[in-house]
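Here's the structure, in structure tokens; my notes come after.
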Amino acid sequence: MEIIGHERPLAYLRAVATRGELAHAYLFVGPAGVGKRAVAEALARELLCSAKRHDFGGCGACADCALMANRAHPDVVTLSPAERLLTDADKKDIGIEDVHELTRRLAATAWRGGWRVAIVDGVERMSRDAMTALLKTLEEPGERTVFVLIAQTLSGILPTIRSRAVPLAFTPVADDELAPMLASLPAGERAPALALANGRPGIAVRLANDAEFRERALSEQREYHTLLRAALPTQFSFAEAESREPGRLEGFLSYAAAELRKDLAAAVGERQQRIAAALGIMLKTLASLAGANVNRRLAADHLFFQLDGLRRQTV
Ligand SMILES: [Zn+2]
């Protein structure tokens, strides 16, 4: 599979793998859909591919590569909120039982007698106990075992885990690298889809291949665009709907914050200060939504009320 962007982390991993100087653990950090998992799986193929000669990321044709393409290779153990080893995927966080099972599988002899790769995708979504158990495993790494820890953000990850892993940052991919992935779309949908993908190849792939996902995302984007500029009564009815259908407030805030960041770069003087203030309010609301026991309806009402106040200062 071709990887879009990420020349620096790829070049780094290729170099240390070639020199036989891989660390026991890496921590890939970057936004969802940007390509962290794709690079982790390329590293696994690099280590486990049985073809003698191949480019970084395996030959793609041998039995090992075929097993990995199906995420079925016994020497690659993957754990994520959606791919549990023991606990129920309905549980919010990855549990300590999952980490114990991961450790147990890694301690067994490698099926192919070579490397073992553990991919833990969503470290920030682990319970405190699970993180402590993971730390213990990282402190006593097995021979020829590589951990790839994946997270969208560093916050919430134990500093002791962070200090045990080599960090690699994944930044959004440039639009001109993403554009070819969306070339199959009707001309009028390419630019909005590119804006939606926002530097994330994983999202671009879904937008290009999943018509239902694309239609939903684009119509949501149009709705958010209108809502941002709507009068207060319309915004309040969105706030009311949000309490029945939670989660859309985050979607709106992410969209609106991205729009305002663009405006901020172009604005000057008083307008710039107002945009910065609005952006501050949005980011604060977004952060507060992550907390427990938030009254979402109230948070949304308060947000629109504050934004309206800022807007009125202009007249
Ligand atoms: Zn291969």
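Ordering of the structure tokens sets the chain letters (A, B, ...), residue numbers begin anew at 1 in every chain, and ligands are numbered from 1 in the order given.
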
> Within 7 Å of ligand 1, counting only C-alpha atoms and all ligand atoms, which protein or nucleic acid residues do you find, written as a ChimeraX atom specification?
Replying inline: /A:45,49-51,58-65

>> So that I can see what lies close to Val117 in chain A, please list as a PyMOL selection string the residues with an atom at most 6 Å from it, counting only C-alpha atoms and leaving out residues fewer than 5 positions away in the same chain.
In response: chain A and resi 76+145-147

Write out, as a PDB file, in the first residue's frame, the residues just selected, with C-alpha atoms.
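This went into again_3.pdb:
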ATOM      1  CA  VAL A  76       1.746  -8.539  14.950  1.00  0.00           C
ATOM      2  CA  THR A 145      10.007  -6.731  20.057  1.00  0.00           C
ATOM      3  CA  VAL A 146       8.977  -3.295  18.830  1.00  0.00           C
ATOM      4  CA  PHE A 147       6.102  -1.301  20.288  1.00  0.00           C
TER       5      PHE A 147
END

Long-range neighbours of Leu260 in chain A as a PDB file with N, CA and C atoms, in the first residue's frame, 12 Å cut-off, only C-alpha atoms, 5 positions minimum in chain:
ATOM      1  N   HIS A 225     -21.581  25.594   7.757  1.00  0.00           N
ATOM      2  CA  HIS A 225     -21.259  26.866   7.106  1.00  0.00           C
ATOM      3  C   HIS A 225     -22.402  27.861   7.330  1.00  0.00           C
ATOM      4  N   LEU A 228     -22.924  28.854  11.207  1.00  0.00           N
ATOM      5  CA  LEU A 228     -21.937  29.801  11.734  1.00  0.00           C
ATOM      6  C   LEU A 228     -22.384  31.243  11.494  1.00  0.00           C
ATOM      7  N   ARG A 229     -23.097  31.462  10.380  1.00  0.00           N
ATOM      8  CA  ARG A 229     -23.513  32.817  10.004  1.00  0.00           C
ATOM      9  C   ARG A 229     -24.983  33.096  10.321  1.00  0.00           C
ATOM     10  N   LEU A 253     -17.988  22.770  16.017  1.00  0.00           N
ATOM     11  CA  LEU A 253     -16.900  23.573  16.583  1.00  0.00           C
ATOM     12  C   LEU A 253     -15.582  23.337  15.848  1.00  0.00           C
ATOM     13  N   SER A 254     -15.322  22.099  15.453  1.00  0.00           N
ATOM     14  CA  SER A 254     -14.083  21.823  14.719  1.00  0.00           C
ATOM     15  C   SER A 254     -14.100  22.543  13.378  1.00  0.00           C
ATOM     16  N   TYR A 255     -15.274  22.466  12.703  1.00  0.00           N
ATOM     17  CA  TYR A 255     -15.401  23.146  11.418  1.00  0.00           C
ATOM     18  C   TYR A 255     -15.218  24.658  11.600  1.00  0.00           C
ATOM     19  N   ALA A 265      -5.793  34.578   9.839  1.00  0.00           N
ATOM     20  CA  ALA A 265      -4.531  34.834   9.144  1.00  0.00           C
ATOM     21  C   ALA A 265      -4.656  36.046   8.223  1.00  0.00           C
ATOM     22  N   ALA A 266      -5.859  36.278   7.688  1.00  0.00           N
ATOM     23  CA  ALA A 266      -6.037  37.354   6.709  1.00  0.00           C
ATOM     24  C   ALA A 266      -6.483  38.659   7.376  1.00  0.00           C
ATOM     25  N   ALA A 267      -6.956  38.602   8.630  1.00  0.00           N
ATOM     26  CA  ALA A 267      -7.554  39.791   9.251  1.00  0.00           C
ATOM     27  C   ALA A 267      -6.488  40.684   9.889  1.00  0.00           C
ATOM     28  N   ARG A 271     -10.730  43.651  13.819  1.00  0.00           N
ATOM     29  CA  ARG A 271     -11.370  42.441  13.304  1.00  0.00           C
ATOM     30  C   ARG A 271     -10.577  41.204  13.728  1.00  0.00           C
ATOM     31  N   GLN A 272      -9.262  41.345  13.676  1.00  0.00           N
ATOM     32  CA  GLN A 272      -8.406  40.232  14.077  1.00  0.00           C
ATOM     33  C   GLN A 272      -8.633  39.881  15.549  1.00  0.00           C
ATOM     34  N   GLN A 273      -8.781  40.930  16.384  1.00  0.00           N
ATOM     35  CA  GLN A 273      -9.006  40.683  17.820  1.00  0.00           C
ATOM     36  C   GLN A 273     -10.330  39.975  18.048  1.00  0.00           C
ATOM     37  N   ARG A 274     -11.363  40.385  17.291  1.00  0.00           N
ATOM     38  CA  ARG A 274     -12.679  39.754  17.452  1.00  0.00           C
ATOM     39  C   ARG A 274     -12.646  38.291  17.035  1.00  0.00           C
ATOM     40  N   ILE A 275     -11.959  38.010  15.910  1.00  0.00           N
ATOM     41  CA  ILE A 275     -11.859  36.623  15.445  1.00  0.00           C
ATOM     42  C   ILE A 275     -11.097  35.777  16.471  1.00  0.00           C
ATOM     43  N   ALA A 276     -10.026  36.372  17.013  1.00  0.00           N
ATOM     44  CA  ALA A 276      -9.240  35.646  18.017  1.00  0.00           C
ATOM     45  C   ALA A 276     -10.100  35.350  19.251  1.00  0.00           C
ATOM     46  N   ALA A 277     -10.949  36.332  19.641  1.00  0.00           N
ATOM     47  CA  ALA A 277     -11.813  36.131  20.809  1.00  0.00           C
ATOM     48  C   ALA A 277     -12.817  35.014  20.536  1.00  0.00           C
ATOM     49  N   ALA A 278     -13.425  35.022  19.330  1.00  0.00           N
ATOM     50  CA  ALA A 278     -14.401  33.990  18.968  1.00  0.00           C
ATOM     51  C   ALA A 278     -13.740  32.613  18.954  1.00  0.00           C
ATOM     52  N   LEU A 279     -12.537  32.574  18.396  1.00  0.00           N
ATOM     53  CA  LEU A 279     -11.798  31.310  18.338  1.00  0.00           C
ATOM     54  C   LEU A 279     -11.519  30.793  19.753  1.00  0.00           C
ATOM     55  N   GLY A 280     -11.148  31.729  20.638  1.00  0.00           N
ATOM     56  CA  GLY A 280     -10.886  31.362  22.035  1.00  0.00           C
ATOM     57  C   GLY A 280     -12.110  30.746  22.694  1.00  0.00           C
ATOM     58  N   ILE A 281     -13.286  31.357  22.453  1.00  0.00           N
ATOM     59  CA  ILE A 281     -14.542  30.854  23.019  1.00  0.00           C
ATOM     60  C   ILE A 281     -14.827  29.438  22.502  1.00  0.00           C
ATOM     61  N   MET A 282     -14.609  29.257  21.196  1.00  0.00           N
ATOM     62  CA  MET A 282     -14.885  27.942  20.591  1.00  0.00           C
ATOM     63  C   MET A 282     -13.976  26.856  21.158  1.00  0.00           C
ATOM     64  N   LEU A 283     -12.688  27.183  21.258  1.00  0.00           N
ATOM     65  CA  LEU A 283     -11.743  26.171  21.731  1.00  0.00           C
ATOM     66  C   LEU A 283     -12.007  25.821  23.197  1.00  0.00           C
TER      67      LEU A 283
END

> Using only C-alpha atoms, which residues sit within 12 Å of Lys91 in chain A once same-chain residues fewer than 3 positions away are excluded, as a PyMOL selection string?
Replying inline: chain A and resi 80-84+86-88+94-96+98+125-127

Requested write-out: N, CA and C atoms of the selected residues, as a PDB file, in the first residue's frame:
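What ended up in part22.pdb:
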ATOM      1  N   SER A  80      -6.582  -1.675  19.994  1.00  0.00           N
ATOM      2  CA  SER A  80      -7.125  -0.322  19.839  1.00  0.00           C
ATOM      3  C   SER A  80      -8.522  -0.324  20.451  1.00  0.00           C
ATOM      4  N   PRO A  81      -9.137   0.863  20.621  1.00  0.00           N
ATOM      5  CA  PRO A  81     -10.485   0.875  21.192  1.00  0.00           C
ATOM      6  C   PRO A  81     -11.454  -0.011  20.403  1.00  0.00           C
ATOM      7  N   ALA A  82     -11.248  -0.143  19.093  1.00  0.00           N
ATOM      8  CA  ALA A  82     -12.144  -0.964  18.284  1.00  0.00           C
ATOM      9  C   ALA A  82     -11.654  -2.407  18.148  1.00  0.00           C
ATOM     10  N   GLU A  83     -10.394  -2.656  18.463  1.00  0.00           N
ATOM     11  CA  GLU A  83      -9.810  -3.998  18.320  1.00  0.00           C
ATOM     12  C   GLU A  83      -9.296  -4.458  19.682  1.00  0.00           C
ATOM     13  N   ARG A  84     -10.219  -4.925  20.538  1.00  0.00           N
ATOM     14  CA  ARG A  84      -9.841  -5.339  21.891  1.00  0.00           C
ATOM     15  C   ARG A  84      -9.305  -6.760  21.851  1.00  0.00           C
ATOM     16  N   LEU A  86      -9.399  -8.582  24.935  1.00  0.00           N
ATOM     17  CA  LEU A  86     -10.257  -9.278  25.899  1.00  0.00           C
ATOM     18  C   LEU A  86     -11.528  -8.502  26.243  1.00  0.00           C
ATOM     19  N   THR A  87     -11.399  -7.221  26.575  1.00  0.00           N
ATOM     20  CA  THR A  87     -12.592  -6.499  27.035  1.00  0.00           C
ATOM     21  C   THR A  87     -13.554  -6.238  25.878  1.00  0.00           C
ATOM     22  N   ASP A  88     -14.756  -5.908  26.249  1.00  0.00           N
ATOM     23  CA  ASP A  88     -15.813  -5.630  25.289  1.00  0.00           C
ATOM     24  C   ASP A  88     -15.546  -4.277  24.620  1.00  0.00           C
ATOM     25  N   ILE A  94      -9.677   1.250  26.714  1.00  0.00           N
ATOM     26  CA  ILE A  94      -8.946  -0.014  26.675  1.00  0.00           C
ATOM     27  C   ILE A  94      -8.635  -0.393  28.118  1.00  0.00           C
ATOM     28  N   GLY A  95      -8.884  -1.653  28.502  1.00  0.00           N
ATOM     29  CA  GLY A  95      -8.756  -2.045  29.900  1.00  0.00           C
ATOM     30  C   GLY A  95      -7.446  -2.753  30.213  1.00  0.00           C
ATOM     31  N   ILE A  96      -7.198  -2.934  31.499  1.00  0.00           N
ATOM     32  CA  ILE A  96      -5.961  -3.591  31.948  1.00  0.00           C
ATOM     33  C   ILE A  96      -5.903  -5.037  31.451  1.00  0.00           C
ATOM     34  N   ASP A  98      -6.843  -6.145  28.622  1.00  0.00           N
ATOM     35  CA  ASP A  98      -6.331  -6.115  27.245  1.00  0.00           C
ATOM     36  C   ASP A  98      -4.798  -6.045  27.231  1.00  0.00           C
ATOM     37  N   ARG A 125      -6.681   6.574  24.957  1.00  0.00           N
ATOM     38  CA  ARG A 125      -7.982   5.995  25.311  1.00  0.00           C
ATOM     39  C   ARG A 125      -7.823   4.747  26.197  1.00  0.00           C
ATOM     40  N   MET A 126      -6.778   4.733  27.026  1.00  0.00           N
ATOM     41  CA  MET A 126      -6.579   3.608  27.939  1.00  0.00           C
ATOM     42  C   MET A 126      -6.951   4.044  29.345  1.00  0.00           C
ATOM     43  N   SER A 127      -7.457   3.105  30.135  1.00  0.00           N
ATOM     44  CA  SER A 127      -7.715   3.408  31.537  1.00  0.00           C
ATOM     45  C   SER A 127      -6.365   3.609  32.222  1.00  0.00           C
TER      46      SER A 127
END

>> Just to confirm, what's the straight-line distance from CA of Leu158 in chain A to CA of Pro246 in chain A in Å (one decimal)?
In response: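 Separating CA of Leu158 in chain A from CA of Pro246 in chain A is a distance of 29.2 Å.
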
> In Å, with one decimal, what is the gap from CA of Phe170 in chain A to CA of Lys284 in chain A?
Replying inline: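 That distance, rounded to one decimal, is 24.5 Å.
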
For the structure I just gave you, how does DSSP split range 97-292 of chain A - specifically, which residues are helix (DSSP H, G or I)? Reply as a PDB file with C-alpha atoms, in the first residue's frame.
ATOM      1  CA  GLU A  97      -7.100  -7.091  30.854  1.00  0.00           C
ATOM      2  CA  ASP A  98      -6.331  -6.115  27.245  1.00  0.00           C
ATOM      3  CA  VAL A  99      -2.799  -5.051  28.171  1.00  0.00           C
ATOM      4  CA  HIS A 100      -2.193  -8.259  30.135  1.00  0.00           C
ATOM      5  CA  GLU A 101      -3.334 -10.275  27.104  1.00  0.00           C
ATOM      6  CA  LEU A 102      -1.059  -8.196  24.852  1.00  0.00           C
ATOM      7  CA  THR A 103       1.893  -8.905  27.163  1.00  0.00           C
ATOM      8  CA  ARG A 104       1.050 -12.613  27.244  1.00  0.00           C
ATOM      9  CA  ARG A 105       0.984 -12.867  23.458  1.00  0.00           C
ATOM     10  CA  LEU A 106       4.248 -10.953  23.131  1.00  0.00           C
ATOM     11  CA  ALA A 107       5.961 -13.242  25.638  1.00  0.00           C
ATOM     12  CA  VAL A 123      -2.985   5.138  23.968  1.00  0.00           C
ATOM     13  CA  GLU A 124      -4.886   8.206  25.173  1.00  0.00           C
ATOM     14  CA  ARG A 125      -7.982   5.995  25.311  1.00  0.00           C
ATOM     15  CA  ARG A 128      -5.183   4.514  34.140  1.00  0.00           C
ATOM     16  CA  ASP A 129      -4.622   0.882  35.194  1.00  0.00           C
ATOM     17  CA  ALA A 130      -4.096  -0.167  31.595  1.00  0.00           C
ATOM     18  CA  MET A 131      -1.491   2.568  31.099  1.00  0.00           C
ATOM     19  CA  THR A 132       0.367   1.520  34.228  1.00  0.00           C
ATOM     20  CA  ALA A 133       0.374  -2.097  33.001  1.00  0.00           C
ATOM     21  CA  LEU A 134       1.617  -0.953  29.588  1.00  0.00           C
ATOM     22  CA  LEU A 135       4.427   0.988  31.271  1.00  0.00           C
ATOM     23  CA  LYS A 136       5.508  -2.195  33.071  1.00  0.00           C
ATOM     24  CA  THR A 137       5.660  -4.061  29.759  1.00  0.00           C
ATOM     25  CA  LEU A 138       7.680  -1.234  28.206  1.00  0.00           C
ATOM     26  CA  GLU A 139      10.130  -1.375  31.107  1.00  0.00           C
ATOM     27  CA  PRO A 159       4.896  11.007  31.197  1.00  0.00           C
ATOM     28  CA  THR A 160       6.677   7.781  32.155  1.00  0.00           C
ATOM     29  CA  ILE A 161       5.257   6.121  29.017  1.00  0.00           C
ATOM     30  CA  ARG A 162       6.241   9.111  26.900  1.00  0.00           C
ATOM     31  CA  ASP A 175      -3.198  19.585  -0.185  1.00  0.00           C
ATOM     32  CA  ASP A 176      -1.372  19.005  -3.476  1.00  0.00           C
ATOM     33  CA  GLU A 177      -0.388  15.529  -2.274  1.00  0.00           C
ATOM     34  CA  LEU A 178      -3.991  14.756  -1.310  1.00  0.00           C
ATOM     35  CA  ALA A 179      -5.660  16.240  -4.404  1.00  0.00           C
ATOM     36  CA  PRO A 180      -4.874  13.253  -6.718  1.00  0.00           C
ATOM     37  CA  MET A 181      -6.732  10.956  -4.277  1.00  0.00           C
ATOM     38  CA  LEU A 182      -9.903  12.964  -4.910  1.00  0.00           C
ATOM     39  CA  ALA A 187     -15.334  18.595 -10.285  1.00  0.00           C
ATOM     40  CA  GLY A 188     -17.638  20.547  -7.969  1.00  0.00           C
ATOM     41  CA  GLU A 189     -16.993  18.220  -5.018  1.00  0.00           C
ATOM     42  CA  ARG A 190     -13.197  18.148  -5.145  1.00  0.00           C
ATOM     43  CA  ALA A 191     -12.463  21.448  -3.394  1.00  0.00           C
ATOM     44  CA  PRO A 192     -14.962  20.935  -0.531  1.00  0.00           C
ATOM     45  CA  ALA A 193     -13.718  17.358  -0.072  1.00  0.00           C
ATOM     46  CA  LEU A 194     -10.113  18.578   0.033  1.00  0.00           C
ATOM     47  CA  ALA A 195     -11.101  21.074   2.741  1.00  0.00           C
ATOM     48  CA  LEU A 196     -12.869  18.316   4.662  1.00  0.00           C
ATOM     49  CA  ALA A 197      -9.892  15.961   4.427  1.00  0.00           C
ATOM     50  CA  PRO A 201      -5.123  10.866   3.709  1.00  0.00           C
ATOM     51  CA  GLY A 202      -7.289   8.393   5.663  1.00  0.00           C
ATOM     52  CA  ILE A 203     -10.233  10.770   5.422  1.00  0.00           C
ATOM     53  CA  ALA A 204      -9.487  11.547   1.759  1.00  0.00           C
ATOM     54  CA  VAL A 205      -9.620   7.810   0.927  1.00  0.00           C
ATOM     55  CA  ARG A 206     -13.012   7.493   2.599  1.00  0.00           C
ATOM     56  CA  LEU A 207     -14.316  10.589   0.862  1.00  0.00           C
ATOM     57  CA  ALA A 208     -13.190   9.220  -2.498  1.00  0.00           C
ATOM     58  CA  ASN A 209     -14.525   5.682  -2.046  1.00  0.00           C
ATOM     59  CA  ALA A 211     -20.329   7.831  -1.386  1.00  0.00           C
ATOM     60  CA  GLU A 212     -22.556   7.707   1.678  1.00  0.00           C
ATOM     61  CA  PHE A 213     -19.801   9.000   3.974  1.00  0.00           C
ATOM     62  CA  ARG A 214     -18.959  11.746   1.452  1.00  0.00           C
ATOM     63  CA  GLU A 215     -22.573  12.883   1.061  1.00  0.00           C
ATOM     64  CA  ARG A 216     -23.067  13.001   4.817  1.00  0.00           C
ATOM     65  CA  ALA A 217     -19.809  14.873   5.415  1.00  0.00           C
ATOM     66  CA  LEU A 218     -20.433  17.404   2.650  1.00  0.00           C
ATOM     67  CA  SER A 219     -23.993  18.124   3.705  1.00  0.00           C
ATOM     68  CA  GLU A 220     -22.827  18.511   7.310  1.00  0.00           C
ATOM     69  CA  GLN A 221     -20.185  20.947   6.111  1.00  0.00           C
ATOM     70  CA  ARG A 222     -22.822  23.005   4.261  1.00  0.00           C
ATOM     71  CA  GLU A 223     -25.017  23.011   7.353  1.00  0.00           C
ATOM     72  CA  TYR A 224     -22.142  24.158   9.611  1.00  0.00           C
ATOM     73  CA  HIS A 225     -21.259  26.866   7.106  1.00  0.00           C
ATOM     74  CA  THR A 226     -24.816  28.250   7.285  1.00  0.00           C
ATOM     75  CA  LEU A 227     -25.095  27.801  11.038  1.00  0.00           C
ATOM     76  CA  LEU A 228     -21.937  29.801  11.734  1.00  0.00           C
ATOM     77  CA  ARG A 229     -23.513  32.817  10.004  1.00  0.00           C
ATOM     78  CA  LEU A 232     -29.386  33.508  17.192  1.00  0.00           C
ATOM     79  CA  PRO A 233     -32.824  31.739  17.079  1.00  0.00           C
ATOM     80  CA  THR A 234     -31.515  29.294  14.418  1.00  0.00           C
ATOM     81  CA  GLN A 235     -28.409  28.664  16.476  1.00  0.00           C
ATOM     82  CA  PHE A 236     -30.496  28.019  19.590  1.00  0.00           C
ATOM     83  CA  SER A 237     -32.578  25.424  17.787  1.00  0.00           C
ATOM     84  CA  PHE A 238     -29.337  23.678  16.752  1.00  0.00           C
ATOM     85  CA  ALA A 239     -28.341  23.740  20.435  1.00  0.00           C
ATOM     86  CA  GLU A 240     -31.671  22.153  21.342  1.00  0.00           C
ATOM     87  CA  ALA A 241     -31.274  19.431  18.685  1.00  0.00           C
ATOM     88  CA  GLU A 242     -27.741  18.769  19.945  1.00  0.00           C
ATOM     89  CA  SER A 243     -29.098  17.610  23.309  1.00  0.00           C
ATOM     90  CA  ARG A 244     -31.124  14.916  21.495  1.00  0.00           C
ATOM     91  CA  ARG A 248     -22.674  17.323  16.434  1.00  0.00           C
ATOM     92  CA  LEU A 249     -21.579  20.248  18.550  1.00  0.00           C
ATOM     93  CA  GLU A 250     -18.002  18.969  18.376  1.00  0.00           C
ATOM     94  CA  GLY A 251     -18.321  18.633  14.605  1.00  0.00           C
ATOM     95  CA  PHE A 252     -19.585  22.177  14.276  1.00  0.00           C
ATOM     96  CA  LEU A 253     -16.900  23.573  16.583  1.00  0.00           C
ATOM     97  CA  SER A 254     -14.083  21.823  14.719  1.00  0.00           C
ATOM     98  CA  TYR A 255     -15.401  23.146  11.418  1.00  0.00           C
ATOM     99  CA  ALA A 256     -15.951  26.676  12.761  1.00  0.00           C
ATOM    100  CA  ALA A 257     -12.542  26.797  14.465  1.00  0.00           C
ATOM    101  CA  ALA A 258     -10.824  25.758  11.206  1.00  0.00           C
ATOM    102  CA  GLU A 259     -12.749  28.485   9.312  1.00  0.00           C
ATOM    103  CA  LEU A 260     -11.853  31.144  11.871  1.00  0.00           C
ATOM    104  CA  ARG A 261      -8.182  30.164  11.821  1.00  0.00           C
ATOM    105  CA  LYS A 262      -8.164  30.842   8.077  1.00  0.00           C
ATOM    106  CA  ASP A 263      -9.933  34.204   8.592  1.00  0.00           C
ATOM    107  CA  LEU A 264      -7.567  35.105  11.399  1.00  0.00           C
ATOM    108  CA  ALA A 265      -4.531  34.834   9.144  1.00  0.00           C
ATOM    109  CA  ALA A 266      -6.037  37.354   6.709  1.00  0.00           C
ATOM    110  CA  GLY A 269      -6.627  45.266  13.693  1.00  0.00           C
ATOM    111  CA  GLU A 270      -9.903  45.130  15.560  1.00  0.00           C
ATOM    112  CA  ARG A 271     -11.370  42.441  13.304  1.00  0.00           C
ATOM    113  CA  GLN A 272      -8.406  40.232  14.077  1.00  0.00           C
ATOM    114  CA  GLN A 273      -9.006  40.683  17.820  1.00  0.00           C
ATOM    115  CA  ARG A 274     -12.679  39.754  17.452  1.00  0.00           C
ATOM    116  CA  ILE A 275     -11.859  36.623  15.445  1.00  0.00           C
ATOM    117  CA  ALA A 276      -9.240  35.646  18.017  1.00  0.00           C
ATOM    118  CA  ALA A 277     -11.813  36.131  20.809  1.00  0.00           C
ATOM    119  CA  ALA A 278     -14.401  33.990  18.968  1.00  0.00           C
ATOM    120  CA  LEU A 279     -11.798  31.310  18.338  1.00  0.00           C
ATOM    121  CA  GLY A 280     -10.886  31.362  22.035  1.00  0.00           C
ATOM    122  CA  ILE A 281     -14.542  30.854  23.019  1.00  0.00           C
ATOM    123  CA  MET A 282     -14.885  27.942  20.591  1.00  0.00           C
ATOM    124  CA  LEU A 283     -11.743  26.171  21.731  1.00  0.00           C
ATOM    125  CA  LYS A 284     -12.729  26.621  25.370  1.00  0.00           C
ATOM    126  CA  THR A 285     -16.169  25.118  24.678  1.00  0.00           C
ATOM    127  CA  LEU A 286     -14.596  22.259  22.728  1.00  0.00           C
ATOM    128  CA  ALA A 287     -12.286  21.519  25.674  1.00  0.00           C
ATOM    129  CA  SER A 288     -15.141  21.698  28.192  1.00  0.00           C
ATOM    130  CA  LEU A 289     -17.165  19.146  26.184  1.00  0.00           C
TER     131      LEU A 289
END

>> Quick check, in Å to one decimal: how far apart do CA of Gln152 in chain A and CA of Ala169 in chain A lie?
In response: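 CA of Gln152 in chain A sits 9.9 Å away from CA of Ala169 in chain A.
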
> Within 8 Å of Asp121 in chain A, counting only C-alpha atoms, which residues qualify if same-chain residues fewer than 6 places away don't, as a list in words?
Replying inline: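 Here the answer would be Arg37, Thr78, Leu79, Ser80, Pro81, Leu149, Ile150 and Ala151 of chain A.
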
Could you write out that same residue set with N, CA, C and O atoms as a JSON list (two decimals), in the first residue's frame?
[["chain", "number", "residue", "atom", "x", "y", "z"],
["A", 37, "ARG", "N", -1.28, 4.88, 11.51],
["A", 37, "ARG", "CA", -1.46, 3.43, 11.48],
["A", 37, "ARG", "C", -0.83, 2.83, 10.23],
["A", 37, "ARG", "O", -0.22, 1.75, 10.29],
["A", 78, "THR", "N", -2.23, -6.29, 17.64],
["A", 78, "THR", "CA", -2.81, -4.95, 17.56],
["A", 78, "THR", "C", -3.87, -4.78, 18.63],
["A", 78, "THR", "O", -4.68, -5.66, 18.85],
["A", 79, "LEU", "N", -3.82, -3.63, 19.29],
["A", 79, "LEU", "CA", -4.82, -3.30, 20.31],
["A", 79, "LEU", "C", -5.28, -1.87, 20.08],
["A", 79, "LEU", "O", -4.45, -0.97, 19.91],
["A", 80, "SER", "N", -6.58, -1.67, 19.99],
["A", 80, "SER", "CA", -7.13, -0.32, 19.84],
["A", 80, "SER", "C", -8.52, -0.32, 20.45],
["A", 80, "SER", "O", -9.06, -1.39, 20.76],
["A", 81, "PRO", "N", -9.14, 0.86, 20.62],
["A", 81, "PRO", "CA", -10.48, 0.87, 21.19],
["A", 81, "PRO", "C", -11.45, -0.01, 20.40],
["A", 81, "PRO", "O", -12.36, -0.61, 20.97],
["A", 149, "LEU", "N", 3.30, 2.83, 19.65],
["A", 149, "LEU", "CA", 2.18, 3.43, 20.36],
["A", 149, "LEU", "C", 1.65, 4.58, 19.51],
["A", 149, "LEU", "O", 2.43, 5.35, 18.96],
["A", 150, "ILE", "N", 0.34, 4.65, 19.38],
["A", 150, "ILE", "CA", -0.26, 5.65, 18.50],
["A", 150, "ILE", "C", -1.26, 6.48, 19.29],
["A", 150, "ILE", "O", -2.07, 5.93, 20.04],
["A", 151, "ALA", "N", -1.16, 7.81, 19.13],
["A", 151, "ALA", "CA", -2.09, 8.69, 19.85],
["A", 151, "ALA", "C", -2.38, 9.93, 19.03],
["A", 151, "ALA", "O", -1.57, 10.35, 18.20]]
